[in-house]
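Q: I'd like to ask some things about the structure below.
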Amino acid sequence: MDSSKNQKSCIFLVDDNVVNLNTGKAALHHKYTVITIPSGEMLLRALEKTKPDLVLLDIDMPGMSGFDTIKVMKRDPETVDIPVIFLTGKDGTENELLGLSLDAVDYITKPFAAPLLLKRVELHLELHAQKNELRRFNEKLLDTVQEKVQDLNSLHNAIIGWAAEVIEFRDEETGYHVERVQKYLEVLVNAMGKTEKYAAEVATWDKDAFLRSALLHDVGKIKVHDDILLKREKLTEEELMCMQLHPIYGKTLLESLQNKLPDQAVLEYAKTLAYSHHERWDGTGYPNRLEGEEIHLQARMMSLADVYDALISERPYKRAFSHEEAMTMIVEQRGTQFDPELADLFVSLSDQIEEISKELNAVKLGIAKHNPVRLSTTTLNAGELNAGELDVI
């Protein structure tokens, strides 16, 4: 039982000698509730029903010794923290060291003087009470810290969501694009975690942070001029060059945020995705013309998710392709635009990918009924997109 201001502390006094039990109880009963127990076995049975504030435990008893008894107590989560003071008629450093090594808090030699016994008990009950108070304080402090961390994470997530919404408000043709891409990546990363090739690397990632970072892959578009970003015709070569700066803008913006926001993992992943998701497996992408596995694995994943979603979405310069057409185009570009093995894995997840696109497009259409926007009438067939144009910006 727990001690309190209005209740006496409870002490179990364990000894096979009746004289010692009576002497100990006489010394302590006026201040504490003392329960006398004649053996280690009976102590363990008593502990199943009552948890004392302290145990005075004789070492040399027939059957289960004090040493054996404390070992059982310290293995049980329910009794591990109950302080134990050993009582013994033997005087020797070796026994005392053994008792303390078993997590006893003290060692009293019999026959004990009543004032000394009382003082030792008072001291250890006070220490135990302070220890419990410190534990409760630490638990409360931990709860407070966790609440603050949760608040910071909520704020951080809100900022990320806000940035993603800003991008999509500026580029109305890509509504719900980042949410869909995030969902495609989740399906892909889960599948990669079950493969021999990718499982070990994926296991080292903070999956939650990685998926949240996907919302920021196009954050650099914030710095692209509206005349280019919202143009409803095909971009000129000069305009295309300006648009292709958005990965660099994104990396720069995210680096500036790293000193201001707490979640460095999300921003580190986001930098990788923003900067390299337009690189191509064959080395003809931008901004750095990286080739093959020079491109970060996460960026190669993003390239697939990003292009697939752009293909099934209507854009100023093209119609929305069907899911089947988009998957066919991805297969055709394996080994040129896309990592071939990742492309094969992505296509193998076709049913899950299509379900996500349908669900979120249904949400988009529902909103569009209440907030209609002008959609482009430009339509290009799949055959009219060349390999370079498949890397939709």
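Scheme for the structure tokens: letters A, B, ... for chains in order shown; per-chain residue numbers from 1; ligand numbers from 1 in order shown.
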For Asp68 of chain A, work out the shell of residues within 10 Å, counting only C-alpha atoms and skipping chain neighbours fewer than 3 positions away, then give it as a compact mmCIF listing (two decimals) with C-alpha atoms, in the first residue's frame.
A:
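The file below, out_11.txt, is the result:
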```txt
# COMPACT_ATOMS: atom_id res chain seq x y z
CA GLY A 40 10.15 -15.99 2.71
CA GLU A 41 7.51 -18.20 1.12
CA ILE A 59 18.68 -13.52 5.49
CA GLY A 63 13.54 -23.03 3.19
CA MET A 64 13.75 -19.84 1.15
CA SER A 65 16.55 -17.56 2.35
CA LYS A 71 15.60 -12.20 -6.12
CA VAL A 72 11.96 -13.17 -6.68
CA MET A 73 10.76 -9.74 -5.56
CA LEU A 102 20.73 -7.74 -4.88
```
Q: Could you name the residues that touch Glu122 of chain A at 10 Å or less, counting only C-alpha atoms, but leaving out those on the same chain fewer than 5 positions away, as a PyMOL selection string?
A: chain A and resi 28+31-32+116-117+127-128
Q: Could you tell me how far atom CA of Met327 of chain A sits from atom CA of Asp344 of chain A, in Å to one decimal place?
A: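 So the two atoms, atom CA of Asp344 of chain A and atom CA of Met327 of chain A, lie 10.0 Å apart.
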Q: Please indicate the distance in Å from atom CA of Gly285 of chain A to atom CA of Lys223 of chain A, rounded to one decimal place.
A: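 Taking atom CA of Gly285 of chain A and atom CA of Lys223 of chain A, their separation equals 20.4 Å.
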Q: For atom CA of Lys90 of chain A and atom CA of Phe112 of chain A, determine how far apart the two atoms are, in Å to one decimal place.
A: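 One can read the atom CA of Lys90 of chain A to atom CA of Phe112 of chain A distance as 12.0 Å.
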Q: With only C-alpha atoms as the counted atoms, please give the residues lying no more than 12 Å from Pro115 of chain A, apart from itself and same-chain residues fewer than 4 positions off, as a ChimeraX atom specification.
A: /A:23-24,26-28,119-122
Q: Residues at most 8 Å from Leu188 of chain A, counting only C-alpha atoms, excluding those fewer than 6 positions away in the same chain, as a list in words?
A: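 Surrounding residues, per the criterion: Met301, Leu345, Phe346 and Leu349 of chain A.
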Q: Please write the residues from the selection above to a file, keeping N, CA and C atoms, as a short mmCIF file (atom, residue, chain, number, x, y, z; two decimals), in the first residue's frame.
A:
```cif
data_model
loop_
_atom_site.label_atom_id
_atom_site.label_comp_id
_atom_site.auth_asym_id
_atom_site.auth_seq_id
_atom_site.Cartn_x
_atom_site.Cartn_y
_atom_site.Cartn_z
N MET A 301 11.62 7.39 -56.95
CA MET A 301 10.25 7.04 -56.60
C MET A 301 9.30 8.19 -56.91
N LEU A 345 7.90 -2.33 -60.46
CA LEU A 345 7.20 -2.47 -59.18
C LEU A 345 5.98 -1.57 -59.14
N PHE A 346 6.14 -0.33 -59.63
CA PHE A 346 5.04 0.63 -59.64
C PHE A 346 3.88 0.09 -60.48
N LEU A 349 1.67 -2.49 -58.99
CA LEU A 349 0.74 -1.97 -57.98
C LEU A 349 -0.42 -1.22 -58.64
#
```
Q: Pick out the closest residue to Lys25 of chain A from this set: A:Leu304, A:Ala209, A:Leu267, A:Leu56. Count only C-alpha atoms.
A: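 The answer is A:Leu56, which sits nearest to Lys25 of chain A.
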Q: Counting only C-alpha atoms, which residue out of A:Leu141, A:Leu211, A:Val178, A:Ala310 sits closest to Tyr269 of chain A?
A: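 Of all the options, A:Leu211 lies closest to Tyr269 of chain A.
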Q: Leaving out Tyr308 of chain A and any residue of its chain fewer than 4 positions from it, which residues lie within 12 Å of it when counting only C-alpha atoms, given as a ChimeraX atom specification?
A: /A:177,180-181,184-185,301-304,312-314,320-331,333,338,343,346-347,350,353-354,357,390-393
Q: Restricting it to N, CA and C atoms, dump the selection as a CSV table (one decimal), in the first residue's frame.
A:
```csv
chain,number,residue,atom,x,y,z
A,177,HIS,N,-3.1,17.2,-56.5
A,177,HIS,CA,-1.9,16.5,-57.1
A,177,HIS,C,-1.0,16.0,-56.0
A,180,ARG,N,-2.5,13.1,-53.9
A,180,ARG,CA,-2.4,11.8,-54.7
A,180,ARG,C,-1.0,11.3,-54.7
A,181,VAL,N,-0.1,12.1,-55.0
A,181,VAL,CA,1.3,11.7,-55.1
A,181,VAL,C,1.8,11.1,-53.8
A,184,TYR,N,0.4,7.6,-53.6
A,184,TYR,CA,1.1,6.7,-54.5
A,184,TYR,C,2.4,6.3,-53.8
A,185,LEU,N,3.1,7.2,-53.3
A,185,LEU,CA,4.4,6.9,-52.6
A,185,LEU,C,4.2,6.0,-51.5
A,301,MET,N,11.6,7.4,-56.9
A,301,MET,CA,10.3,7.0,-56.6
A,301,MET,C,9.3,8.2,-56.9
A,302,MET,N,9.7,9.4,-56.5
A,302,MET,CA,8.8,10.6,-56.7
A,302,MET,C,8.6,10.8,-58.2
A,303,SER,N,9.6,10.6,-59.0
A,303,SER,CA,9.5,10.8,-60.5
A,303,SER,C,8.3,9.9,-61.0
A,304,LEU,N,8.3,8.7,-60.6
A,304,LEU,CA,7.2,7.8,-61.0
A,304,LEU,C,5.8,8.3,-60.6
A,312,ILE,N,-2.5,11.4,-65.8
A,312,ILE,CA,-3.9,11.1,-65.7
A,312,ILE,C,-4.7,12.4,-65.4
A,313,SER,N,-4.0,13.5,-65.3
A,313,SER,CA,-4.6,14.8,-65.0
A,313,SER,C,-4.6,15.7,-66.3
A,314,GLU,N,-5.7,16.5,-66.4
A,314,GLU,CA,-5.7,17.4,-67.6
A,314,GLU,C,-4.8,18.6,-67.3
A,320,ALA,N,-6.4,14.5,-70.2
A,320,ALA,CA,-6.1,13.6,-69.1
A,320,ALA,C,-6.1,12.2,-69.8
A,321,PHE,N,-5.0,11.5,-69.6
A,321,PHE,CA,-4.9,10.1,-70.1
A,321,PHE,C,-5.5,9.2,-69.2
A,322,SER,N,-6.0,8.0,-69.6
A,322,SER,CA,-6.6,7.0,-68.8
A,322,SER,C,-5.5,6.4,-67.9
A,323,HIS,N,-5.9,5.7,-66.9
A,323,HIS,CA,-5.0,4.9,-66.1
A,323,HIS,C,-4.2,3.9,-66.9
A,324,GLU,N,-4.9,3.2,-67.8
A,324,GLU,CA,-4.2,2.2,-68.6
A,324,GLU,C,-3.2,2.9,-69.5
A,325,GLU,N,-3.5,4.0,-70.1
A,325,GLU,CA,-2.6,4.7,-71.0
A,325,GLU,C,-1.4,5.2,-70.2
A,326,ALA,N,-1.6,5.7,-69.0
A,326,ALA,CA,-0.5,6.2,-68.2
A,326,ALA,C,0.5,5.1,-67.9
A,327,MET,N,-0.1,3.9,-67.4
A,327,MET,CA,0.8,2.8,-67.1
A,327,MET,C,1.6,2.3,-68.3
A,328,THR,N,0.9,2.3,-69.5
A,328,THR,CA,1.6,1.8,-70.7
A,328,THR,C,2.8,2.8,-71.0
A,329,MET,N,2.6,4.1,-70.8
A,329,MET,CA,3.6,5.0,-71.1
A,329,MET,C,4.8,4.9,-70.1
A,330,ILE,N,4.5,4.6,-68.9
A,330,ILE,CA,5.5,4.3,-67.9
A,330,ILE,C,6.4,3.1,-68.3
A,331,VAL,N,5.7,2.1,-68.7
A,331,VAL,CA,6.4,0.9,-69.1
A,331,VAL,C,7.3,1.2,-70.3
A,333,GLN,N,8.8,3.9,-70.9
A,333,GLN,CA,9.9,4.8,-70.5
A,333,GLN,C,10.8,4.1,-69.4
A,338,PHE,N,12.7,6.4,-66.4
A,338,PHE,CA,12.5,5.8,-65.0
A,338,PHE,C,13.4,4.7,-64.7
A,343,ALA,N,10.0,1.1,-61.9
A,343,ALA,CA,8.9,1.2,-62.8
A,343,ALA,C,8.1,-0.1,-62.8
A,346,PHE,N,6.1,-0.3,-59.6
A,346,PHE,CA,5.0,0.6,-59.6
A,346,PHE,C,3.9,0.1,-60.5
A,347,VAL,N,4.2,-0.4,-61.7
A,347,VAL,CA,3.1,-1.0,-62.5
A,347,VAL,C,2.5,-2.2,-61.9
A,350,SER,N,-0.6,-1.5,-59.9
A,350,SER,CA,-1.6,-0.7,-60.7
A,350,SER,C,-3.0,-0.6,-60.1
A,353,ILE,N,-2.9,1.9,-57.2
A,353,ILE,CA,-2.7,3.2,-57.7
A,353,ILE,C,-4.0,3.8,-58.3
A,354,GLU,N,-4.6,3.0,-59.1
A,354,GLU,CA,-5.8,3.4,-59.8
A,354,GLU,C,-6.9,3.8,-58.7
A,357,SER,N,-6.3,7.2,-57.2
A,357,SER,CA,-6.6,8.3,-58.2
A,357,SER,C,-8.1,8.5,-58.3
A,390,LEU,N,7.1,13.7,-71.6
A,390,LEU,CA,6.5,12.8,-70.6
A,390,LEU,C,6.9,13.2,-69.2
A,391,ASP,N,8.0,13.9,-69.1
A,391,ASP,CA,8.5,14.4,-67.8
A,391,ASP,C,7.7,15.7,-67.5
A,392,VAL,N,6.4,15.6,-67.2
A,392,VAL,CA,5.5,16.7,-67.1
A,392,VAL,C,6.0,17.6,-66.0
A,393,ILE,N,6.0,18.9,-66.2
A,393,ILE,CA,6.5,19.9,-65.3
A,393,ILE,C,5.4,20.3,-64.3
```
